[in-house]
Each structure stands twice: as C-alpha cells, then as structure tokens.
file upload35.txt (compact mmCIF, C-alpha atoms)
# COMPACT_ATOMS: atom_id res chain seq x y z
CA MET A 1 173.17 161.65 173.04
CA ILE A 2 176.19 160.98 175.27
CA PRO A 3 178.92 163.63 174.81
CA ASN A 4 182.27 162.48 173.45
CA ILE A 5 184.16 162.85 176.72
CA LEU A 6 187.94 163.29 176.66
CA TYR A 7 188.34 163.77 180.43
CA GLU A 8 186.16 164.19 183.49
CA ASP A 9 186.57 164.63 187.24
CA LYS A 10 184.56 166.36 189.97
CA ASP A 11 185.67 169.82 188.83
CA ILE A 12 185.68 169.79 185.03
CA ILE A 13 184.58 167.90 181.96
CA VAL A 14 186.46 168.08 178.64
CA VAL A 15 184.49 167.12 175.55
CA LYS A 16 184.69 167.01 171.77
CA LYS A 17 181.86 169.16 170.47
CA PRO A 18 180.47 167.95 167.17
CA ALA A 19 180.19 170.47 164.35
CA GLY A 20 176.61 171.67 164.03
CA MET A 21 175.78 171.73 167.74
CA GLU A 22 175.49 174.85 169.89
CA SER A 23 178.07 175.30 172.68
CA GLN A 24 175.33 176.33 175.10
CA SER A 25 171.55 176.44 175.26
CA SER A 26 169.82 178.51 172.61
CA SER A 27 166.29 179.51 171.67
CA SER A 28 165.87 176.44 169.44
CA PHE A 29 164.78 173.00 170.55
CA ALA A 30 167.87 171.37 169.02
CA PRO A 31 170.34 169.61 171.34
CA ASP A 32 173.18 171.73 172.77
CA MET A 33 176.35 170.83 174.64
CA VAL A 34 175.29 172.16 178.05
CA SER A 35 172.02 170.21 177.99
CA GLU A 36 173.77 167.03 176.87
CA ILE A 37 176.43 167.34 179.57
CA LYS A 38 173.75 167.89 182.21
CA LYS A 39 171.97 164.73 181.03
CA HIS A 40 175.26 162.82 181.24
CA ILE A 41 175.99 164.00 184.80
CA HIS A 42 172.43 163.33 185.89
CA SER A 43 172.66 159.78 184.54
CA GLN A 44 175.60 159.21 186.89
CA TYR A 45 173.93 160.80 189.90
CA PRO A 46 170.17 160.52 189.28
CA GLN A 47 169.21 161.44 192.86
CA SER A 48 171.03 164.79 192.83
CA ARG A 49 169.55 168.16 191.86
CA GLU A 50 170.10 169.68 188.43
CA PRO A 51 173.85 169.63 187.69
CA TYR A 52 175.85 172.82 187.41
CA VAL A 53 177.62 173.25 184.06
CA GLY A 54 179.66 176.42 183.64
CA VAL A 55 180.38 177.71 180.13
CA ILE A 56 184.01 178.86 179.94
CA HIS A 57 184.47 179.52 176.22
CA ARG A 58 182.40 179.04 173.09
CA LEU A 59 182.67 177.63 169.60
CA ASP A 60 180.49 178.76 166.73
CA LYS A 61 177.76 176.25 165.94
CA PRO A 62 179.41 174.97 162.72
CA VAL A 63 182.80 174.54 164.45
CA GLY A 64 183.68 171.28 166.18
CA GLY A 65 186.49 170.44 168.55
CA VAL A 66 187.78 170.47 172.12
CA MET A 67 185.95 172.36 174.87
CA VAL A 68 186.17 172.43 178.66
CA TYR A 69 183.17 173.01 180.94
CA ALA A 70 183.19 173.55 184.70
CA LYS A 71 181.17 171.35 187.06
CA THR A 72 181.44 173.76 190.01
CA LYS A 73 181.23 177.53 190.36
CA SER A 74 184.74 177.73 191.83
CA ALA A 75 186.14 175.82 188.85
CA ALA A 76 184.25 178.12 186.49
CA ALA A 77 185.73 181.20 188.15
CA ALA A 78 189.27 179.79 187.98
CA LEU A 79 188.99 178.75 184.33
CA SER A 80 187.34 182.03 183.31
CA GLY A 81 190.27 183.81 184.97
CA GLN A 82 192.65 181.84 182.73
CA VAL A 83 190.71 182.95 179.68
CA GLN A 84 190.95 186.59 180.75
CA SER A 85 194.67 186.35 181.51
CA ARG A 86 195.32 184.41 178.28
CA LYS A 87 196.69 181.42 180.16
CA MET A 88 194.22 179.16 178.37
CA LYS A 89 195.62 178.32 174.92
CA LYS A 90 193.23 177.52 172.09
CA VAL A 91 194.66 176.14 168.85
CA TYR A 92 192.59 175.63 165.71
CA MET A 93 193.04 174.16 162.26
CA ALA A 94 191.39 175.55 159.16
CA VAL A 95 191.36 175.03 155.41
CA VAL A 96 191.51 178.43 153.71
CA CYS A 97 191.01 179.33 150.09
CA GLY A 98 194.16 180.71 148.53
CA ARG A 99 197.92 180.33 148.46
CA ILE A 100 199.65 181.81 151.51
CA VAL A 101 202.95 183.62 150.94
CA ASP A 102 204.18 183.81 154.54
CA ASN A 103 204.31 180.42 156.29
CA VAL A 104 204.13 182.07 159.73
CA GLU A 105 202.28 185.32 160.36
CA ASN A 106 200.28 187.40 162.83
CA PHE A 107 196.98 189.11 162.09
CA VAL A 108 196.12 192.14 164.22
CA ASP A 109 192.84 193.87 163.38
CA TYR A 110 189.94 195.70 165.01
CA LEU A 111 186.56 194.00 164.79
CA LEU A 112 183.11 195.48 165.13
CA LYS A 113 180.20 193.15 165.90
CA ASP A 114 176.84 193.60 164.20
CA SER A 115 174.52 191.83 166.64
CA ARG A 116 171.42 192.35 164.53
CA ASN A 117 172.88 190.37 161.61
CA ASN A 118 175.14 188.15 163.74
CA VAL A 119 178.30 189.08 161.83
CA SER A 120 181.51 190.99 162.52
CA LYS A 121 183.72 193.07 160.25
CA ILE A 122 187.20 194.58 160.24
CA VAL A 123 187.19 198.33 160.88
CA GLU A 124 189.69 201.11 161.50
CA LYS A 125 191.24 201.42 164.95
CA GLY A 126 189.29 203.82 167.12
CA ILE A 127 185.83 203.03 165.79
CA ILE A 128 183.40 203.06 168.73
CA GLY A 129 182.57 199.52 169.82
CA SER A 130 185.46 197.89 167.99
CA LYS A 131 187.78 195.44 169.75
CA ARG A 132 191.36 194.44 169.06
CA ALA A 133 191.70 190.95 167.57
CA GLU A 134 195.00 189.09 167.31
CA LEU A 135 195.94 185.62 166.12
CA ARG A 136 199.02 183.79 164.91
CA TYR A 137 199.04 181.13 162.22
CA GLN A 138 201.43 178.77 160.51
CA VAL A 139 200.94 176.87 157.27
CA ILE A 140 200.84 173.08 157.70
CA GLY A 141 200.31 172.12 154.06
CA SER A 142 198.74 173.13 150.76
CA VAL A 143 197.14 171.56 147.68
CA GLU A 144 195.55 172.64 144.41
CA ILE A 145 192.33 170.62 143.90
CA PRO A 146 191.75 172.35 141.45
CA GLU A 147 192.27 175.69 143.22
CA PRO A 148 194.92 176.61 145.82
CA LEU A 149 193.92 175.58 149.35
CA SER A 150 196.03 175.87 152.51
CA LEU A 151 195.85 174.02 155.82
CA VAL A 152 196.75 176.35 158.68
CA GLU A 153 197.19 175.99 162.42
CA ILE A 154 195.92 179.02 164.33
CA GLU A 155 196.52 180.17 167.89
CA LEU A 156 194.21 182.84 169.24
CA SER A 157 195.51 185.62 171.44
CA THR A 158 192.03 187.14 171.79
CA GLY A 159 188.56 185.67 171.58
CA ARG A 160 186.27 187.82 169.46
CA HIS A 161 182.98 187.08 167.74
CA HIS A 162 183.70 184.99 164.60
CA GLN A 163 187.32 186.17 164.92
CA ILE A 164 189.15 183.55 162.85
CA ARG A 165 186.53 183.56 160.12
CA VAL A 166 186.44 187.37 159.86
CA GLN A 167 190.19 187.93 159.97
CA PHE A 168 191.09 185.33 157.37
CA ALA A 169 188.31 186.53 155.06
CA GLY A 170 189.45 190.11 155.56
CA HIS A 171 193.00 189.17 154.56
CA GLY A 172 191.83 187.50 151.36
CA LEU A 173 191.92 183.93 152.68
CA PRO A 174 188.30 182.97 153.47
CA ILE A 175 187.70 179.61 155.12
CA TRP A 176 186.35 176.79 152.99
CA GLY A 177 182.62 176.24 153.51
CA ASP A 178 182.02 179.53 155.37
CA SER A 179 178.55 180.68 154.30
CA ARG A 180 178.87 184.01 156.16
CA TYR A 181 182.28 185.29 155.13
CA ASN A 182 183.21 183.35 151.97
CA PRO A 183 181.10 184.58 148.99
CA ARG A 184 181.62 181.27 147.21
CA PHE A 185 179.54 179.51 149.85
CA ALA A 186 176.75 182.05 150.27
CA GLY A 187 173.55 180.07 150.69
CA GLY A 188 175.02 177.72 153.26
CA LYS A 189 173.57 174.23 153.16
CA LYS A 190 172.90 174.42 149.42
CA THR A 191 176.61 173.88 148.81
CA GLY A 192 176.71 170.70 150.86
CA GLU A 193 180.03 171.75 152.40
CA SER A 194 180.76 172.12 156.10
CA LEU A 195 182.89 174.88 157.59
CA ALA A 196 186.52 173.70 157.56
CA LEU A 197 187.42 175.13 160.96
CA TRP A 198 188.19 172.94 163.97
CA ALA A 199 189.33 173.54 167.57
CA TRP A 200 191.91 170.80 167.73
CA LYS A 201 193.99 171.57 170.86
CA LEU A 202 193.21 173.12 174.25
CA THR A 203 195.68 173.77 177.07
CA PHE A 204 194.83 175.08 180.54
CA PHE A 205 195.67 174.61 184.22
CA HIS A 206 193.41 172.43 186.32
CA PRO A 207 191.30 174.80 188.43
CA ARG A 208 191.95 172.90 191.68
CA THR A 209 195.37 171.22 191.33
CA GLY A 210 197.04 173.76 189.05
CA LYS A 211 198.33 170.96 186.82
CA ALA A 212 198.87 171.87 183.16
CA MET A 213 196.52 169.85 180.95
CA THR A 214 196.39 169.52 177.15
CA PHE A 215 193.69 167.81 175.12
CA GLU A 216 193.52 167.20 171.39
CA ALA A 217 190.94 166.04 168.85
CA GLN A 218 191.92 165.62 165.22
CA PRO A 219 189.94 167.68 162.69
CA GLU A 220 186.93 166.05 161.07
CA GLY A 221 185.39 166.85 157.70
CA ARG A 222 185.89 166.21 154.00
CA MET A 223 188.34 169.02 153.31
CA PHE A 224 190.58 168.11 156.24
CA GLU A 225 190.70 164.57 154.87
CA GLU A 226 191.63 165.91 151.43
CA LEU A 227 194.52 167.92 152.88
CA LYS A 228 195.82 164.87 154.76
CA LYS A 229 196.23 162.84 151.57

call {"tool": "encode", "arguments": {"input": "upload35.txt", "output": "structure tokens"}}
result
Amino acid sequence: MIPNILYEDKDIIVVKKPAGMESQSSSSFAPDMVSEIKKHIHSQYPQSREPYVGVIHRLDKPVGGVMVYAKTKSAAAALSGQVQSRKMKKVYMAVVCGRIVDNVENFVDYLLKDSRNNVSKIVEKGIIGSKRAELRYQVIGSVEIPEPLSLVEIELSTGRHHQIRVQFAGHGLPIWGDSRYNPRFAGGKKTGESLALWAWKLTFFHPRTGKAMTFEAQPEGRMFEELKK
C-alpha cells in the first residue's frame, strides 16, 4: 500500500493517514504507517539500507488525517522540539453528540491515563500522575438528524492520551462513533459507525529551512458528509 503523500523531500514526508491504521508499528501484523513509509522510501532507493522514519506525533488508530514523519534524525529532533514548544499546530474536526451553547470555548482539565485498560479520565488537579490538558474549539455547524449533532474545529494546546475524546465526553459532548468514551457506541464495530474525529490541518516549520508549512486533508466519513449537506 503506497501512502497518500501530501509532500516529501529529503528531510520529511507528510502523509494522510487512513482511519483504522496505526501511526507506528504495533504488536499486530496489520499494516502501520511507519512500515508503509519505509516500503515507499525503499522502493525509491532499493540499494540503500533500511530507511529511517522518525515518529513525531501520533493519531489514535481510528483517527485519520495529516501527519508528518522525519526521514533523518536531525529532522526528527527539530520537529520534536516544535511539538514540545507548541510551535507545531494541530487542528482537528469532530462531530459531537449534543447542542453546544458556546460557539467558541476552551477546555482545561487534568487527565489520568489507565495504561492497563488503554483509557484516560478527567480527574481533580493534583492527582498523582495526572497531566494538564487544554484545547480550544469553535462550532462550524450543527444539525438534528434526528438528534442534535455539532461539527467542531479543535486546536490542541497539549497532546495527551485520547485527549480530545476524553475531554469532549467529560463535558457532555461525546464524539460520534467513539466506542470507548461514548456509551451509545459501546461494542465498537457492532454499530457500523466510524469515529468522527479527523486531523485536518497541520502547521510546522521545516526542520532545515525554517519555512512555515501548512497541510490540509478534508475529513472523511459518513457523519462528516452528513454535516456538509
């Protein structure tokens, strides 16, 4: 499978990750983005040794959208530095269940990760192991088909485990199709619905030239199509 490449040079590769694929190699035998990118690079330079692919940020398996990977260690270090300093901007779109009162709002919570069950939850500030999580959203549109649904654009200020999914669920606005944090979709694939969360815009500075770069990929999935109508 050839990755959907949005941009590539000797330092970086920007791709559109399909929903349902891991961002990096996992314990399963299913394809993952790092393996597919390595295959792509190797097909261009078959005589070279195994390509280097540096993971800079991650998307949950059911989330699709724009990602950047480094092709050199120096590029990986520079891009990782942008993540730490919050110079890399990640913007998402999501369809949430419910009618939102405030069209623009910030969520600031403290999240605690439960590694054993691969979930996170909102806890009180000061709980050992908890981390501050902040995001900003604005409402793009809403429908009632037959229940209230809202399309929101989300910009992350922090990058926590399942952050968007946990925070919206915790504020009474669970994401459509979320089998972990939306009780309506408990049971996952039985519902036949995909998670309506998409990483649609990514902005960063090129690790070598310093040039500001922005890449976009429009959300895919049934509920996004419904909200566009």

call {"tool": "closest_residue", "arguments": {"input": "upload35.txt", "among": "A:Phe215, A:Trp198, A:Tyr181, A:Phe205", "to": "Pro62 in chain A", "atoms": "only C-alpha atoms"}}
result
A:Trp198

call {"tool": "atom_distance", "arguments": {"input": "upload35.txt", "atom1": "CA of Tyr45 in chain A", "atom2": "CA of Gly65 in chain A"}}
result
26.6 Å

call {"tool": "atom_distance", "arguments": {"input": "upload35.txt", "atom1": "CA of Thr72 in chain A", "atom2": "CA of Gln24 in chain A"}}
result
16.3 Å

call {"tool": "residues_around", "arguments": {"input": "upload35.txt", "residues": "Arg180 in chain A", "least_positions_apart": "6", "cutoff": "10 Å", "atoms": "all atoms listed in the file", "output": "list in words"}}
result
Asn118, Val119, Ser120, His162, Arg165, Val166, Ala169, Pro174, Ala186, Gly187 and Gly188 of chain A

call {"tool": "atom_distance", "arguments": {"input": "upload35.txt", "atom1": "CA of Ile164 in chain A", "atom2": "CA of Glu8 in chain A"}}
result
28.5 Å

call {"tool": "build_atoms", "arguments": {"input": "upload35.txt", "residues": "range 71-106 of chain A", "atoms": "N, CA and C atoms", "output": "CSV table (one decimal), keeping the file's coordinate frame"}}
result
chain,number,residue,atom,x,y,z
A,71,LYS,N,182.3,172.0,186.4
A,71,LYS,CA,181.2,171.4,187.1
A,71,LYS,C,180.9,172.0,188.4
A,72,THR,N,181.7,173.0,188.8
A,72,THR,CA,181.4,173.8,190.0
A,72,THR,C,181.7,175.2,189.7
A,73,LYS,N,181.1,176.1,190.6
A,73,LYS,CA,181.2,177.5,190.4
A,73,LYS,C,182.7,178.0,190.6
A,74,SER,N,183.3,177.3,191.6
A,74,SER,CA,184.7,177.7,191.8
A,74,SER,C,185.6,177.4,190.6
A,75,ALA,N,185.4,176.2,190.0
A,75,ALA,CA,186.1,175.8,188.8
A,75,ALA,C,185.9,176.8,187.7
A,76,ALA,N,184.6,177.2,187.6
A,76,ALA,CA,184.2,178.1,186.5
A,76,ALA,C,185.0,179.4,186.7
A,77,ALA,N,185.1,179.9,187.9
A,77,ALA,CA,185.7,181.2,188.2
A,77,ALA,C,187.2,181.1,187.8
A,78,ALA,N,187.8,180.0,188.2
A,78,ALA,CA,189.3,179.8,188.0
A,78,ALA,C,189.6,179.7,186.5
A,79,LEU,N,188.8,178.9,185.8
A,79,LEU,CA,189.0,178.8,184.3
A,79,LEU,C,188.7,180.0,183.6
A,80,SER,N,187.7,180.8,184.0
A,80,SER,CA,187.3,182.0,183.3
A,80,SER,C,188.5,183.0,183.5
A,81,GLY,N,189.1,183.0,184.7
A,81,GLY,CA,190.3,183.8,185.0
A,81,GLY,C,191.4,183.5,184.0
A,82,GLN,N,191.6,182.2,183.7
A,82,GLN,CA,192.6,181.8,182.7
A,82,GLN,C,192.4,182.4,181.3
A,83,VAL,N,191.1,182.4,181.0
A,83,VAL,CA,190.7,183.0,179.7
A,83,VAL,C,191.1,184.4,179.6
A,84,GLN,N,190.7,185.1,180.7
A,84,GLN,CA,191.0,186.6,180.8
A,84,GLN,C,192.4,186.9,180.7
A,85,SER,N,193.2,186.1,181.4
A,85,SER,CA,194.7,186.4,181.5
A,85,SER,C,195.4,185.7,180.4
A,86,ARG,N,194.7,185.1,179.5
A,86,ARG,CA,195.3,184.4,178.3
A,86,ARG,C,196.2,183.2,178.6
A,87,LYS,N,195.9,182.6,179.8
A,87,LYS,CA,196.7,181.4,180.2
A,87,LYS,C,196.1,180.2,179.5
A,88,MET,N,194.8,180.3,179.1
A,88,MET,CA,194.2,179.2,178.4
A,88,MET,C,194.6,179.3,176.9
A,89,LYS,N,195.2,178.3,176.3
A,89,LYS,CA,195.6,178.3,174.9
A,89,LYS,C,194.7,177.5,174.0
A,90,LYS,N,194.2,178.2,173.0
A,90,LYS,CA,193.2,177.5,172.1
A,90,LYS,C,193.9,177.5,170.7
A,91,VAL,N,194.0,176.3,170.2
A,91,VAL,CA,194.7,176.1,168.8
A,91,VAL,C,193.7,175.5,167.9
A,92,TYR,N,193.5,176.1,166.7
A,92,TYR,CA,192.6,175.6,165.7
A,92,TYR,C,193.3,175.2,164.5
A,93,MET,N,192.6,174.4,163.6
A,93,MET,CA,193.0,174.2,162.3
A,93,MET,C,191.9,174.6,161.3
A,94,ALA,N,192.4,175.1,160.2
A,94,ALA,CA,191.4,175.6,159.2
A,94,ALA,C,191.9,175.3,157.8
A,95,VAL,N,191.0,175.1,156.8
A,95,VAL,CA,191.4,175.0,155.4
A,95,VAL,C,190.9,176.3,154.8
A,96,VAL,N,191.8,177.1,154.3
A,96,VAL,CA,191.5,178.4,153.7
A,96,VAL,C,191.7,178.4,152.2
A,97,CYS,N,190.9,179.2,151.5
A,97,CYS,CA,191.0,179.3,150.1
A,97,CYS,C,192.1,180.3,149.7
A,98,GLY,N,193.1,179.8,149.0
A,98,GLY,CA,194.2,180.7,148.5
A,98,GLY,C,195.5,180.2,148.9
A,99,ARG,N,196.5,180.7,148.2
A,99,ARG,CA,197.9,180.3,148.5
A,99,ARG,C,198.5,181.4,149.4
A,100,ILE,N,199.1,180.9,150.5
A,100,ILE,CA,199.6,181.8,151.5
A,100,ILE,C,201.1,182.0,151.3
A,101,VAL,N,201.5,183.3,151.2
A,101,VAL,CA,203.0,183.6,150.9
A,101,VAL,C,203.8,183.4,152.2
A,102,ASP,N,203.4,183.9,153.3
A,102,ASP,CA,204.2,183.8,154.5
A,102,ASP,C,203.7,182.6,155.3
A,103,ASN,N,204.7,181.7,155.6
A,103,ASN,CA,204.3,180.4,156.3
A,103,ASN,C,203.9,180.7,157.8
A,104,VAL,N,204.5,181.7,158.3
A,104,VAL,CA,204.1,182.1,159.7
A,104,VAL,C,203.8,183.6,159.8
A,105,GLU,N,202.7,183.9,160.4
A,105,GLU,CA,202.3,185.3,160.4
A,105,GLU,C,201.3,185.6,161.5
A,106,ASN,N,201.3,186.9,161.9
A,106,ASN,CA,200.3,187.4,162.8
A,106,ASN,C,199.3,188.3,162.1
